[in-house]
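Chemist: Take a look at the following structure, please.
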Protein chains: 2
Amino acid sequence: MKKSHSPISLRDMGSFHVGGRTVQLHGQPEYHRVLSAGGEPVSVNLNGTYMIEQMYVQYFLPAQPNGKGPLIFWHGGGMSGAAWETTPDGREGWANFFIHRGWDVYLCDAVERGRSGFAPVPEIWPEKPVVQTVDDIYSRFRIGDRVGSYDHDPSRRSAYPNTRFPLNAFDQFTKQMVPRWTHTNEAMIAAFEALLEKVGTASLLCHSQAGPLALQLAARNPDQLRALVAIEPAGIPQIQFDELRTPALIVLGDNIETDNRWRLLREKILQFAATVNSAEVLSLPAIGITGNSHVMMMDTNNQQIAQLIDAWMTRIIDG
Amino acid sequence: MKKSHSPISLRDMGSFHVGGRTVQLHGQPEYHRVLSAGGEPVSVNLNGTYMIEQMYVQYFLPAQPNGKGPLIFWHGGGMSGAAWETTPDGREGWANFFIHRGWDVYLCDAVERGRSGFAPVPEIWPEKPVVQTVDDIYSRFRIGDRVGSYDHDPSRRSAYPNTRFPLNAFDQFTKQMVPRWTHTNEAMIAAFEALLEKVGTASLLCHSQAGPLALQLAARNPDQLRALVAIEPAGIPQIQFDELRTPALIVLGDNIETDNRWRLLREKILQFAATVNSAEVLSLPAIGITGNSHVMMMDTNNQQIAQLIDAWMTRIIDG
C-alpha cells in the first residue's frame, strides 16, 4: 500500500468524547465469564450505571492555521471517522487534505459508531444493529452498475464503466464498514450540538446519512455553523425556508439516473435547493467531472473534489 | 478541557485496516427499513457476504524518527485505541509522548472494537457483547478502593487515598469504554500478525486484556517483536520457557494487595517472570511510585511512567 508522504506540522493533536448521559439497569441476572485469556473469572453484573450516546472526536490542529475556524467531519451510515482518512488504496484522504489547507480538523465517530461505543444490546437498545452486506455496499454506493453487480470474484463484478472508485481496493474498503442502528438520530444531533458548544462556531463536512441530520443541526443552531457541505445526503428533512440560515453546498456524483433510489433522492435534493435560498447543488457531471461514486472522498479524483469544496467554503467564510 | 499544546511534526499520518476474512449468510428473511432521516426505505437483506475480523490501525510517523522501528499500541478489554490518546482530563497521552520521542506509532482498535467494526449479531456471532457497568469499571480498574465504591454522586465515591487517577475526570473516562466479545482472542492475534507482516519487526505496548494475547503473539512470532511492554496484563497464557524469546516488561501499579482478583493475577505474573528469563516485572510501588491505577497511561504521573518504558525499550533495542 502506498503511503501518503506529505509532511504534516501540527500545533496540537488529541481526542476527547462529548455528550453522553448515564442510564441504569436493574433486575438483570448476574453471570460469570473469563474476560481475558488465562485470567480469573469475573462476575458480569449488568445491573448498574452505563454511559451511553457519547461521541468520539479526534482533532488535528495545523501549525499554520488558515484562520477559518474548526472544520468538523461527519461520516455516513455504516461508516466511522476512518472514512475521511487514507483511501482504501493508500492515497491521502480528505482529513489530510484539509489539514494541509490549514483547517482545524475534527474527525468524529457519530454516536454508536466506532470509538463512540454503543449501549448494551438488547437490555438498553432492544433493536439489533443493522449491517449491510458487501453485496449491498457495492451497488448502493454506486460502484457497481446495478443491484446484484457484486460477485465474490473481482473479475466478475460489474462496475460503472466510468467509475472513479479504486476498484482494486473495494475489498479493502469493506473493512472499514461498521454496524449501525436506526433509532439514534436525535442522540447523534445532540452530540454534535455538544461538540459545537465545546469548539465554537464551525464548518461541517458530512456524508450520506449525516446529510439530513446535519441540515437539522444547522436549522436548530443557525449561529453555530458557518458553512455546511453535504456529500450526497441520503435524505432531506422537512425544513421550512426560513429555518436554514447556514449556507449549504450539496455535492452529487455521477450515474444517479440509473439508480432508482438515488434518482428519487436527487429529486428531493433539487426541490430542496430550489426552495431554500441558502442551499445550492454542485452536480459534478454538470461541470464535466464524471464517474464519481457515493464515496467520492475515496475516488481517484478525491483531491480535485476537495479543492472545489475548499474553494466554496473559503468563499462563504471570507466573503 | 486543557489542550496538550505540544507541536508535532510528522513525515506522514493515515490509517488502514489489516486482516479480516469474508463469511456468507444464507436463508435469512428480508425486511425494509428507512436508514436515513427523510430517506427512502431500503431492503435489508442479510443474505450475502460480510467482511469480519479486520483491524483498524492509525499511524503517526514523526518527521525525526528515532530509528527504533514501529511501536504498536494494543488497548485493553472494553477499550479502543483512544485509551492512548489525550487523557480524560485533557493531558497528553502516551501516543503523543512516544511520537515526541521519535517512535513510529501505530494505534490499533483490536478486532471487534471501535473502528474495526463487528460481525452481525446474532446471525454470525451468537454471543452478545459484554458491557461493563460504570460501577464495575470504578473498582475493577483500581480507582475505587473496593467493590461497590462507585456512587452516582462523585462526592460519595470511595477512591484509594493515594490514587493518581484524575478523579474529577472519571465520568469523562467512562465515555471511552466500548462493548466487547470474549470469543475473539484468536482473531485478534491473527490481525496483529497481519499488521506485523505489513510493518515489519516492531515493538509492542499493550494493556490489560491484550497482555496475555500479546505474549502469545510474541511466542508464536519470535523474530517479529523486538520488545514487549505489558501494562498490568489481565492474565498469563500457558507458555513454556523456551517459547518466549522477546524481551518483555510487565508493569504493575499500586494497591494490588487489597484487590482479590489482582492479588491472584500478580502471583501468576511473578511466577511467570521467575520462570521465563526474557520477562521482568516492574512494580511501580517497589521503586517508590505509588497510587497508580489499572489505567496508568491516564494517571497524573503518566509521563513519568512513559519515560521508564521508553528507557527500557531503548535499552533493549539499542543494547
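As shown in the C-alpha cells, the chain order sets the letters A, B, ...; within each chain, residues go from 1, and ligands are also counted from 1 in the order they appear.
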Give as a VMD selection string every residue of chain A that touches chain B within 7 Å, counting only C-alpha atoms.
Modeler: chain A and resid 4 to 12 14 to 17 35 to 40 46 48 to 51 54 80 85 to 86 114 to 118 120 131 133 to 135 174 to 179 182 209 212 to 213 234 to 237 261
Chemist: Just the selected residues (N, CA and C atoms), exported as a compact mmCIF listing (two decimals), in the first residue's frame, please.
Modeler:
# COMPACT_ATOMS: atom_id res chain seq x y z
N SER A 4 1.10 8.17 2.07
CA SER A 4 0.71 9.45 1.51
C SER A 4 1.90 10.41 1.38
N HIS A 5 2.90 10.27 2.27
CA HIS A 5 4.16 11.00 2.11
C HIS A 5 4.02 12.51 2.02
N SER A 6 3.12 13.08 2.77
CA SER A 6 3.05 14.54 2.84
C SER A 6 3.30 14.96 4.28
N PRO A 7 4.41 15.66 4.54
CA PRO A 7 4.69 16.08 5.91
C PRO A 7 3.55 16.93 6.47
N ILE A 8 3.27 16.75 7.75
CA ILE A 8 2.20 17.48 8.42
C ILE A 8 2.76 18.06 9.71
N SER A 9 2.59 19.37 9.88
CA SER A 9 3.03 20.02 11.11
C SER A 9 1.81 20.48 11.89
N LEU A 10 1.73 20.03 13.12
CA LEU A 10 0.55 20.31 13.95
C LEU A 10 0.97 21.10 15.18
N ARG A 11 0.12 22.04 15.58
CA ARG A 11 0.38 22.71 16.86
C ARG A 11 -0.17 21.87 18.00
N ASP A 12 -1.09 20.96 17.70
CA ASP A 12 -1.64 20.06 18.71
C ASP A 12 -2.45 18.96 18.02
N GLY A 14 -5.04 15.38 19.39
CA GLY A 14 -5.54 14.59 20.51
C GLY A 14 -6.97 14.18 20.27
N SER A 15 -7.66 13.78 21.31
CA SER A 15 -9.04 13.33 21.17
C SER A 15 -9.80 13.56 22.46
N PHE A 16 -11.11 13.49 22.36
CA PHE A 16 -11.98 13.58 23.54
C PHE A 16 -13.34 13.01 23.17
N HIS A 17 -14.16 12.80 24.17
CA HIS A 17 -15.57 12.43 23.93
C HIS A 17 -16.45 13.58 24.40
N LEU A 35 -12.90 -12.95 31.12
CA LEU A 35 -12.84 -11.89 30.12
C LEU A 35 -11.49 -11.83 29.41
N SER A 36 -10.45 -12.44 30.01
CA SER A 36 -9.12 -12.38 29.41
C SER A 36 -8.52 -13.78 29.38
N ALA A 37 -7.79 -14.07 28.31
CA ALA A 37 -7.14 -15.38 28.18
C ALA A 37 -6.24 -15.63 29.39
N GLY A 38 -6.44 -16.75 30.08
CA GLY A 38 -5.62 -17.06 31.24
C GLY A 38 -5.94 -16.22 32.45
N GLY A 39 -7.05 -15.50 32.43
CA GLY A 39 -7.40 -14.61 33.54
C GLY A 39 -8.31 -15.29 34.55
N GLU A 40 -8.71 -14.54 35.55
CA GLU A 40 -9.63 -15.03 36.57
C GLU A 40 -11.06 -14.71 36.12
N LEU A 46 -24.98 -7.03 35.09
CA LEU A 46 -25.46 -5.98 34.18
C LEU A 46 -26.13 -4.83 34.92
N GLY A 48 -26.64 -1.72 37.07
CA GLY A 48 -25.80 -0.58 37.42
C GLY A 48 -25.93 0.52 36.39
N THR A 49 -24.88 1.33 36.32
CA THR A 49 -24.91 2.56 35.52
C THR A 49 -24.12 2.39 34.23
N TYR A 50 -24.63 2.93 33.15
CA TYR A 50 -23.92 2.94 31.87
C TYR A 50 -23.86 4.36 31.32
N MET A 51 -22.74 4.67 30.69
CA MET A 51 -22.62 5.92 29.93
C MET A 51 -22.98 5.58 28.49
N GLN A 54 -22.47 9.03 23.93
CA GLN A 54 -21.36 9.97 23.80
C GLN A 54 -20.78 9.87 22.38
N SER A 80 -17.30 5.18 9.84
CA SER A 80 -16.75 5.87 11.00
C SER A 80 -15.85 6.99 10.49
N GLU A 85 -9.98 9.34 6.26
CA GLU A 85 -8.53 9.16 6.35
C GLU A 85 -8.01 8.55 5.04
N THR A 86 -6.87 7.90 5.12
CA THR A 86 -6.26 7.29 3.95
C THR A 86 -7.30 6.51 3.13
N GLY A 114 -17.95 3.16 15.84
CA GLY A 114 -16.52 3.23 16.10
C GLY A 114 -16.19 3.46 17.57
N ARG A 115 -15.33 4.43 17.81
CA ARG A 115 -14.82 4.68 19.15
C ARG A 115 -15.82 5.40 20.06
N SER A 116 -17.04 5.62 19.56
CA SER A 116 -18.08 6.17 20.42
C SER A 116 -18.77 5.09 21.23
N GLY A 117 -18.58 3.83 20.87
CA GLY A 117 -19.21 2.74 21.60
C GLY A 117 -20.72 2.70 21.40
N PHE A 118 -21.37 1.71 22.03
CA PHE A 118 -22.83 1.60 21.93
C PHE A 118 -23.37 1.01 23.23
N PRO A 120 -25.67 -1.33 25.90
CA PRO A 120 -25.93 -2.77 25.98
C PRO A 120 -27.12 -3.19 25.14
N VAL A 131 -26.38 -4.32 9.68
CA VAL A 131 -25.11 -4.46 8.97
C VAL A 131 -25.42 -4.68 7.51
N THR A 133 -24.54 -5.96 3.76
CA THR A 133 -23.65 -6.94 3.11
C THR A 133 -22.71 -6.20 2.16
N VAL A 134 -21.61 -6.86 1.88
CA VAL A 134 -20.67 -6.36 0.88
C VAL A 134 -21.39 -6.21 -0.47
N ASP A 135 -22.29 -7.16 -0.75
CA ASP A 135 -23.07 -7.12 -2.00
C ASP A 135 -23.84 -5.80 -2.10
N THR A 174 -14.30 -2.43 2.19
CA THR A 174 -15.37 -3.02 3.01
C THR A 174 -14.92 -3.26 4.45
N LYS A 175 -13.60 -3.28 4.69
CA LYS A 175 -13.12 -3.49 6.06
C LYS A 175 -13.44 -2.31 6.97
N GLN A 176 -13.72 -1.16 6.40
CA GLN A 176 -13.98 -0.02 7.27
C GLN A 176 -15.47 0.16 7.60
N MET A 177 -16.33 -0.71 7.10
CA MET A 177 -17.75 -0.61 7.41
C MET A 177 -18.02 -1.13 8.83
N VAL A 178 -18.88 -0.44 9.53
CA VAL A 178 -19.23 -0.85 10.90
C VAL A 178 -20.76 -0.95 11.02
N PRO A 179 -21.24 -1.79 11.96
CA PRO A 179 -22.70 -1.87 12.18
C PRO A 179 -23.26 -0.53 12.65
N THR A 182 -30.75 2.47 13.86
CA THR A 182 -31.56 3.43 13.11
C THR A 182 -32.44 4.29 14.03
N GLN A 209 -25.81 9.51 5.20
CA GLN A 209 -26.76 9.53 6.31
C GLN A 209 -26.65 10.81 7.14
N PRO A 212 -28.99 14.67 6.10
CA PRO A 212 -30.25 15.20 6.66
C PRO A 212 -30.11 15.56 8.15
N LEU A 213 -29.28 14.86 8.88
CA LEU A 213 -29.11 15.17 10.30
C LEU A 213 -28.35 16.48 10.46
N ALA A 234 -28.33 11.37 2.16
CA ALA A 234 -29.20 10.22 1.90
C ALA A 234 -30.65 10.51 2.26
N GLY A 235 -30.99 11.78 2.39
CA GLY A 235 -32.37 12.18 2.67
C GLY A 235 -32.41 13.68 2.86
N ILE A 236 -33.62 14.22 2.85
CA ILE A 236 -33.82 15.66 3.10
C ILE A 236 -34.86 15.79 4.20
N PRO A 237 -34.52 16.47 5.29
CA PRO A 237 -35.52 16.62 6.36
C PRO A 237 -36.57 17.66 5.98
N ARG A 261 -33.15 4.50 -6.31
CA ARG A 261 -33.20 5.20 -5.03
C ARG A 261 -32.55 6.57 -5.15
Chemist: I'm after chain A in the frame of chain B: fit it by least squares over all Cα atoms matched in order, and give me the output as a tab-separated table (two decimals) with C-alpha atoms, in the first residue's frame.
Modeler:
chain	number	residue	atom	x	y	z
A	1	MET	CA	-10.54	20.88	28.96
A	2	LYS	CA	-6.84	21.69	28.66
A	3	LYS	CA	-5.19	21.09	25.32
A	4	SER	CA	-1.86	19.34	25.17
A	5	HIS	CA	-0.10	22.18	23.31
A	6	SER	CA	2.93	20.26	22.11
A	7	PRO	CA	3.76	20.80	18.44
A	8	ILE	CA	4.09	17.57	16.46
A	9	SER	CA	5.87	17.24	13.13
A	10	LEU	CA	5.05	14.16	11.10
A	11	ARG	CA	6.50	12.85	7.88
A	12	ASP	CA	3.21	11.01	7.32
A	13	MET	CA	-0.03	10.05	9.04
A	14	GLY	CA	-3.00	7.96	7.98
A	15	SER	CA	-4.84	4.72	8.62
A	16	PHE	CA	-5.64	1.32	7.16
A	17	HIS	CA	-7.30	-1.96	8.06
A	18	VAL	CA	-5.45	-5.28	8.14
A	19	GLY	CA	-6.58	-8.90	8.30
A	20	GLY	CA	-10.21	-9.83	8.01
A	21	ARG	CA	-11.99	-12.56	6.09
A	22	THR	CA	-15.29	-12.90	4.31
A	23	VAL	CA	-18.17	-15.05	5.51
A	24	GLN	CA	-21.58	-15.65	3.97
A	25	LEU	CA	-25.11	-15.74	5.34
A	26	HIS	CA	-27.95	-17.63	3.64
A	27	GLY	CA	-31.65	-18.19	4.34
A	28	GLN	CA	-32.28	-15.03	6.38
A	29	PRO	CA	-35.62	-13.20	5.88
A	30	GLU	CA	-35.54	-9.84	4.10
A	31	TYR	CA	-37.02	-6.69	5.64
A	32	HIS	CA	-37.31	-2.98	4.85
A	33	ARG	CA	-36.07	-0.07	6.90
A	34	VAL	CA	-35.53	3.67	6.41
A	35	LEU	CA	-31.82	4.00	7.16
A	36	SER	CA	-31.61	7.80	6.90
A	37	ALA	CA	-33.87	10.57	8.20
A	38	GLY	CA	-36.11	11.63	5.32
A	39	GLY	CA	-34.65	8.92	3.09
A	40	GLU	CA	-36.17	6.18	0.98
A	41	PRO	CA	-36.80	2.76	2.59
A	42	VAL	CA	-34.19	0.22	1.55
A	43	SER	CA	-34.38	-3.53	1.71
A	44	VAL	CA	-32.20	-5.03	4.40
A	45	ASN	CA	-31.27	-8.41	3.03
A	46	LEU	CA	-28.96	-10.13	5.48
A	47	ASN	CA	-28.07	-12.79	2.94
A	48	GLY	CA	-24.75	-12.27	1.30
A	49	THR	CA	-21.11	-11.60	2.10
A	50	TYR	CA	-19.62	-9.89	5.15
A	51	MET	CA	-16.08	-8.79	5.90
A	52	ILE	CA	-15.30	-9.66	9.52
A	53	GLU	CA	-12.37	-9.78	11.98
A	54	GLN	CA	-10.38	-6.96	10.34
A	55	MET	CA	-8.41	-4.48	12.48
A	56	TYR	CA	-8.18	-0.68	12.23
A	57	VAL	CA	-4.72	0.86	12.52
A	58	GLN	CA	-3.91	4.58	12.62
A	59	TYR	CA	-0.28	5.56	12.16
A	60	PHE	CA	1.75	8.66	13.06
A	61	LEU	CA	5.29	8.77	11.67
A	62	PRO	CA	7.45	11.51	13.22
A	63	ALA	CA	9.43	13.82	10.97
A	64	GLN	CA	12.53	12.92	13.02
A	65	PRO	CA	12.22	9.17	13.66
A	66	ASN	CA	14.39	7.63	16.38
A	67	GLY	CA	15.30	4.70	14.14
A	68	LYS	CA	13.94	2.09	16.58
A	69	GLY	CA	11.17	0.99	14.23
A	70	PRO	CA	7.40	0.78	14.71
A	71	LEU	CA	5.78	0.89	18.14
A	72	ILE	CA	2.37	-0.79	18.11
A	73	PHE	CA	-0.26	0.04	20.76
A	74	TRP	CA	-2.80	-2.62	21.82
A	75	HIS	CA	-5.52	-1.42	24.23
A	76	GLY	CA	-7.29	-3.41	26.95
A	77	GLY	CA	-10.72	-5.02	27.14
A	78	GLY	CA	-13.70	-2.73	26.69
A	79	MET	CA	-11.41	-0.03	25.33
A	80	SER	CA	-10.16	1.21	21.96
A	81	GLY	CA	-7.10	3.00	20.59
A	82	ALA	CA	-8.49	6.15	22.20
A	83	ALA	CA	-7.09	4.86	25.51
A	84	TRP	CA	-3.61	6.02	24.44
A	85	GLU	CA	-4.67	9.47	23.27
A	86	THR	CA	-5.50	12.56	25.32
A	87	THR	CA	-6.24	11.67	28.95
A	88	PRO	CA	-9.82	12.13	30.20
A	89	ASP	CA	-8.74	15.34	31.95
A	90	GLY	CA	-7.10	16.72	28.80
A	91	ARG	CA	-3.40	16.01	29.31
A	92	GLU	CA	-1.16	14.42	26.69
A	93	GLY	CA	-1.48	10.66	26.44
A	94	TRP	CA	1.13	8.08	25.61
A	95	ALA	CA	0.51	8.22	21.85
A	96	ASN	CA	1.76	11.81	21.73
A	97	PHE	CA	4.54	11.06	24.23
A	98	PHE	CA	6.05	8.31	22.09
A	99	ILE	CA	5.61	10.30	18.87
A	100	HIS	CA	7.57	13.11	20.55
A	101	ARG	CA	10.26	10.54	21.36
A	102	GLY	CA	10.57	9.70	17.65
A	103	TRP	CA	8.76	6.35	17.60
A	104	ASP	CA	6.71	5.39	14.52
A	105	VAL	CA	3.41	4.97	16.37
A	106	TYR	CA	0.65	2.56	15.25
A	107	LEU	CA	-2.59	2.85	17.27
A	108	CYS	CA	-4.87	-0.15	16.86
A	109	ASP	CA	-8.51	-0.90	17.59
A	110	ALA	CA	-8.41	-4.66	18.21
A	111	VAL	CA	-10.83	-6.89	16.30
A	112	GLU	CA	-14.49	-6.06	17.15
A	113	ARG	CA	-13.62	-2.78	18.94
A	114	GLY	CA	-14.04	0.76	17.75
A	115	ARG	CA	-13.28	1.39	14.10
A	116	SER	CA	-12.63	-2.30	13.47
A	117	GLY	CA	-16.38	-2.98	13.47
A	118	PHE	CA	-18.02	-6.27	14.43
A	119	ALA	CA	-19.89	-9.11	12.74
A	120	PRO	CA	-23.71	-9.30	12.51
A	121	VAL	CA	-25.20	-10.22	15.89
A	122	PRO	CA	-26.62	-12.82	16.44
A	123	GLU	CA	-26.53	-14.26	12.92
A	124	ILE	CA	-22.73	-14.64	12.71
A	125	TRP	CA	-21.72	-14.02	16.32
A	126	PRO	CA	-24.39	-15.68	18.52
A	127	GLU	CA	-22.79	-14.37	21.71
A	128	LYS	CA	-23.97	-10.94	22.78
A	129	PRO	CA	-21.41	-8.24	23.58
A	130	VAL	CA	-20.24	-7.75	27.15
A	131	VAL	CA	-20.53	-4.24	28.55
A	132	GLN	CA	-19.16	-3.34	31.95
A	133	THR	CA	-21.09	-1.00	34.19
A	134	VAL	CA	-19.54	2.24	35.31
A	135	ASP	CA	-19.78	0.78	38.83
A	136	ASP	CA	-17.59	-2.19	37.85
A	137	ILE	CA	-15.08	-0.04	35.99
A	138	TYR	CA	-14.56	2.19	39.01
A	139	SER	CA	-13.51	-0.66	41.29
A	140	ARG	CA	-12.09	-3.11	38.72
A	141	PHE	CA	-9.61	-0.55	37.39
A	142	ARG	CA	-8.45	0.03	40.99
A	143	ILE	CA	-9.62	3.60	41.15
A	144	GLY	CA	-12.25	2.84	43.78
A	145	ASP	CA	-10.88	1.11	46.88
A	146	ARG	CA	-13.36	-1.82	46.95
A	147	VAL	CA	-16.27	-3.46	45.12
A	148	GLY	CA	-19.20	-1.09	45.48
A	149	SER	CA	-17.04	2.02	45.86
A	150	TYR	CA	-18.79	3.78	42.95
A	151	ASP	CA	-21.65	6.15	43.63
A	152	HIS	CA	-23.57	8.22	41.12
A	153	ASP	CA	-22.71	11.25	43.25
A	154	PRO	CA	-18.96	11.89	42.80
A	155	SER	CA	-18.62	13.24	46.34
A	156	ARG	CA	-19.77	9.85	47.71
A	157	ARG	CA	-17.32	7.70	45.76
A	158	SER	CA	-14.61	5.94	47.73
A	159	ALA	CA	-11.26	6.06	45.92
A	160	TYR	CA	-7.84	4.87	47.08
A	161	PRO	CA	-6.47	7.75	49.15
A	162	ASN	CA	-3.21	7.76	47.15
A	163	THR	CA	-4.77	7.31	43.70
A	164	ARG	CA	-3.07	9.01	40.75
A	165	PHE	CA	-6.17	8.66	38.57
A	166	PRO	CA	-7.66	12.11	37.80
A	167	LEU	CA	-10.84	11.52	39.81
A	168	ASN	CA	-12.65	14.60	38.53
A	169	ALA	CA	-12.46	13.10	35.03
A	170	PHE	CA	-13.80	9.64	35.89
A	171	ASP	CA	-17.21	10.23	34.27
A	172	GLN	CA	-15.42	11.57	31.20
A	173	PHE	CA	-13.22	8.46	31.18
A	174	THR	CA	-16.25	6.14	31.09
A	175	LYS	CA	-17.24	7.67	27.73
A	176	GLN	CA	-14.38	5.88	26.04
A	177	MET	CA	-15.47	2.37	27.09
A	178	VAL	CA	-16.86	0.20	24.30
A	179	PRO	CA	-18.63	-3.20	24.29
A	180	ARG	CA	-16.54	-6.29	23.66
A	181	TRP	CA	-16.85	-10.01	23.00
A	182	THR	CA	-14.99	-12.90	24.64
A	183	HIS	CA	-14.65	-15.41	21.78
A	184	THR	CA	-12.36	-13.34	19.55
A	185	ASN	CA	-8.88	-13.97	21.03
A	186	GLU	CA	-7.55	-15.90	18.04
A	187	ALA	CA	-8.99	-13.39	15.58
A	188	MET	CA	-7.29	-10.56	17.48
A	189	ILE	CA	-3.91	-12.33	17.42
A	190	ALA	CA	-4.30	-13.09	13.70
A	191	ALA	CA	-4.95	-9.41	12.94
A	192	PHE	CA	-1.82	-8.35	14.82
A	193	GLU	CA	0.13	-10.99	12.86
A	194	ALA	CA	-1.19	-9.35	9.69
A	195	LEU	CA	-0.03	-5.98	11.00
A	196	LEU	CA	3.48	-7.29	11.75
A	197	GLU	CA	3.55	-8.77	8.26
A	198	LYS	CA	2.80	-5.32	6.89
A	199	VAL	CA	4.99	-3.04	9.02
A	200	GLY	CA	7.85	-5.43	9.79
A	201	THR	CA	9.64	-6.08	13.08
A	202	ALA	CA	8.15	-3.90	15.79
A	203	SER	CA	7.86	-3.20	19.48
A	204	LEU	CA	4.51	-3.62	21.21
A	205	LEU	CA	2.97	-1.74	24.13
A	206	CYS	CA	-0.20	-3.33	25.45
A	207	HIS	CA	-2.66	-3.11	28.30
A	208	SER	CA	-4.72	-5.49	30.42
A	209	GLN	CA	-6.69	-7.95	28.25
A	210	ALA	CA	-4.11	-7.52	25.47
A	211	GLY	CA	-1.29	-8.70	27.75
A	212	PRO	CA	-1.84	-12.47	27.57
A	213	LEU	CA	-2.72	-12.23	23.87
A	214	ALA	CA	0.42	-10.23	23.10
A	215	LEU	CA	2.52	-12.80	24.98
A	216	GLN	CA	1.02	-15.50	22.74
A	217	LEU	CA	1.70	-13.32	19.70
A	218	ALA	CA	5.32	-12.95	20.80
A	219	ALA	CA	5.69	-16.67	21.47
A	220	ARG	CA	4.39	-17.54	18.00
A	221	ASN	CA	6.37	-14.83	16.19
A	222	PRO	CA	9.71	-14.73	18.01
A	223	ASP	CA	11.54	-12.83	15.26
A	224	GLN	CA	8.83	-10.23	14.69
A	225	LEU	CA	8.77	-8.49	18.05
A	226	ARG	CA	11.76	-6.54	19.37
A	227	ALA	CA	10.32	-5.63	22.75
A	228	LEU	CA	7.04	-6.17	24.55
A	229	VAL	CA	5.69	-3.97	27.34
A	230	ALA	CA	2.56	-5.23	29.08
A	231	ILE	CA	0.76	-2.83	31.40
A	232	GLU	CA	-0.98	-4.93	34.06
A	233	PRO	CA	-1.75	-7.98	31.87
A	234	ALA	CA	-5.14	-9.39	32.88
A	235	GLY	CA	-3.90	-12.97	32.58
A	236	ILE	CA	-0.88	-15.14	31.77
A	237	PRO	CA	-1.08	-17.70	28.97
A	238	GLN	CA	0.43	-21.17	29.27
A	239	ILE	CA	3.80	-20.53	27.65
A	240	GLN	CA	6.88	-22.70	28.13
A	241	PHE	CA	10.18	-21.03	28.95
A	242	ASP	CA	11.76	-21.56	25.52
A	243	GLU	CA	8.73	-20.23	23.70
A	244	LEU	CA	9.28	-16.57	24.55
A	245	ARG	CA	12.40	-15.02	23.04
A	246	THR	CA	11.07	-11.44	23.01
A	247	PRO	CA	12.21	-9.36	25.98
A	248	ALA	CA	9.10	-8.48	27.97
A	249	LEU	CA	8.50	-5.89	30.65
A	250	ILE	CA	5.40	-6.25	32.83
A	251	VAL	CA	4.44	-3.05	34.65
A	252	LEU	CA	2.29	-3.21	37.80
A	253	GLY	CA	0.63	-0.32	39.62
A	254	ASP	CA	-0.34	0.13	43.25
A	255	ASN	CA	-2.98	-1.11	45.71
A	256	ILE	CA	-2.93	-4.64	44.29
A	257	GLU	CA	-2.81	-6.31	47.70
A	258	THR	CA	-6.31	-5.06	48.57
A	259	ASP	CA	-7.90	-6.40	45.37
A	260	ASN	CA	-8.62	-10.15	45.37
A	261	ARG	CA	-8.53	-10.60	41.61
A	262	TRP	CA	-5.38	-8.55	41.14
A	263	ARG	CA	-3.60	-10.27	44.03
A	264	LEU	CA	-4.15	-13.61	42.25
A	265	LEU	CA	-3.07	-12.15	38.92
A	266	ARG	CA	0.09	-10.71	40.43
A	267	GLU	CA	1.03	-14.15	41.77
A	268	LYS	CA	0.65	-15.61	38.28
A	269	ILE	CA	2.68	-12.76	36.80
A	270	LEU	CA	5.52	-13.06	39.32
A	271	GLN	CA	5.65	-16.84	38.80
A	272	PHE	CA	5.78	-16.29	35.04
A	273	ALA	CA	8.63	-13.77	35.30
A	274	ALA	CA	10.51	-16.10	37.67
A	275	THR	CA	10.46	-18.95	35.14
A	276	VAL	CA	10.79	-17.02	31.87
A	277	ASN	CA	14.23	-15.45	31.51
A	278	SER	CA	13.16	-12.88	28.95
A	279	ALA	CA	10.42	-11.45	31.19
A	280	GLU	CA	10.82	-8.97	34.00
A	281	VAL	CA	8.39	-7.20	36.30
A	282	LEU	CA	8.47	-3.51	37.11
A	283	SER	CA	6.38	-2.94	40.22
A	284	LEU	CA	5.96	0.81	40.46
A	285	PRO	CA	5.45	0.91	44.25
A	286	ALA	CA	8.71	-1.07	44.64
A	287	ILE	CA	10.60	1.89	43.15
A	288	GLY	CA	8.65	4.47	45.12
A	289	ILE	CA	5.99	5.35	42.55
A	290	THR	CA	2.71	4.96	44.38
A	291	GLY	CA	-0.99	5.28	43.70
A	292	ASN	CA	-1.14	4.07	40.08
A	293	SER	CA	-4.41	2.58	38.90
A	294	HIS	CA	-5.05	-0.09	36.27
A	295	VAL	CA	-5.18	2.69	33.64
A	296	MET	CA	-1.82	4.23	34.49
A	297	MET	CA	-1.51	5.66	30.96
A	298	MET	CA	-4.13	8.17	32.12
A	299	ASP	CA	-2.87	8.72	35.66
A	300	THR	CA	-1.48	12.11	36.63
A	301	ASN	CA	2.10	10.74	36.51
A	302	ASN	CA	1.63	9.09	33.11
A	303	GLN	CA	4.61	10.94	31.63
A	304	GLN	CA	6.91	9.61	34.35
A	305	ILE	CA	5.86	6.01	33.63
A	306	ALA	CA	6.18	6.55	29.87
A	307	GLN	CA	9.76	7.73	30.43
A	308	LEU	CA	10.57	4.49	32.26
A	309	ILE	CA	9.06	2.43	29.44
A	310	ASP	CA	10.87	4.44	26.78
A	311	ALA	CA	14.17	3.96	28.62
A	312	TRP	CA	13.60	0.19	28.95
A	313	MET	CA	12.67	-0.26	25.26
A	314	THR	CA	15.66	1.85	24.22
A	315	ARG	CA	17.98	-0.27	26.35
A	316	ILE	CA	16.53	-3.50	24.90
A	317	ILE	CA	16.77	-2.34	21.29
A	318	ASP	CA	20.02	-0.36	21.38
A	319	GLY	CA	21.65	-2.83	23.76
Chemist: In range 151-302 of chain A, what's strand (DSSP E or B) per DSSP? Answer as number ranges by chain?
Modeler: A: 159, 180, 202-207, 225-231, 248-252, 279-283
Chemist: Range 108-140 of chain A: which residues are alpha helix (DSSP H) by DSSP, as a PDB file with C-alpha atoms, in the first residue's frame?
Modeler:
ATOM      1  CA  VAL A 134     -20.672  -6.358   0.881  1.00  0.00           C
ATOM      2  CA  ASP A 135     -23.066  -7.117  -1.995  1.00  0.00           C
ATOM      3  CA  ASP A 136     -25.337  -4.218  -0.994  1.00  0.00           C
ATOM      4  CA  ILE A 137     -22.454  -1.818  -0.449  1.00  0.00           C
ATOM      5  CA  TYR A 138     -21.091  -2.468  -3.920  1.00  0.00           C
ATOM      6  CA  SER A 139     -24.294  -1.426  -5.675  1.00  0.00           C
ATOM      7  CA  ARG A 140     -25.743   1.007  -3.096  1.00  0.00           C
TER       8      ARG A 140
END
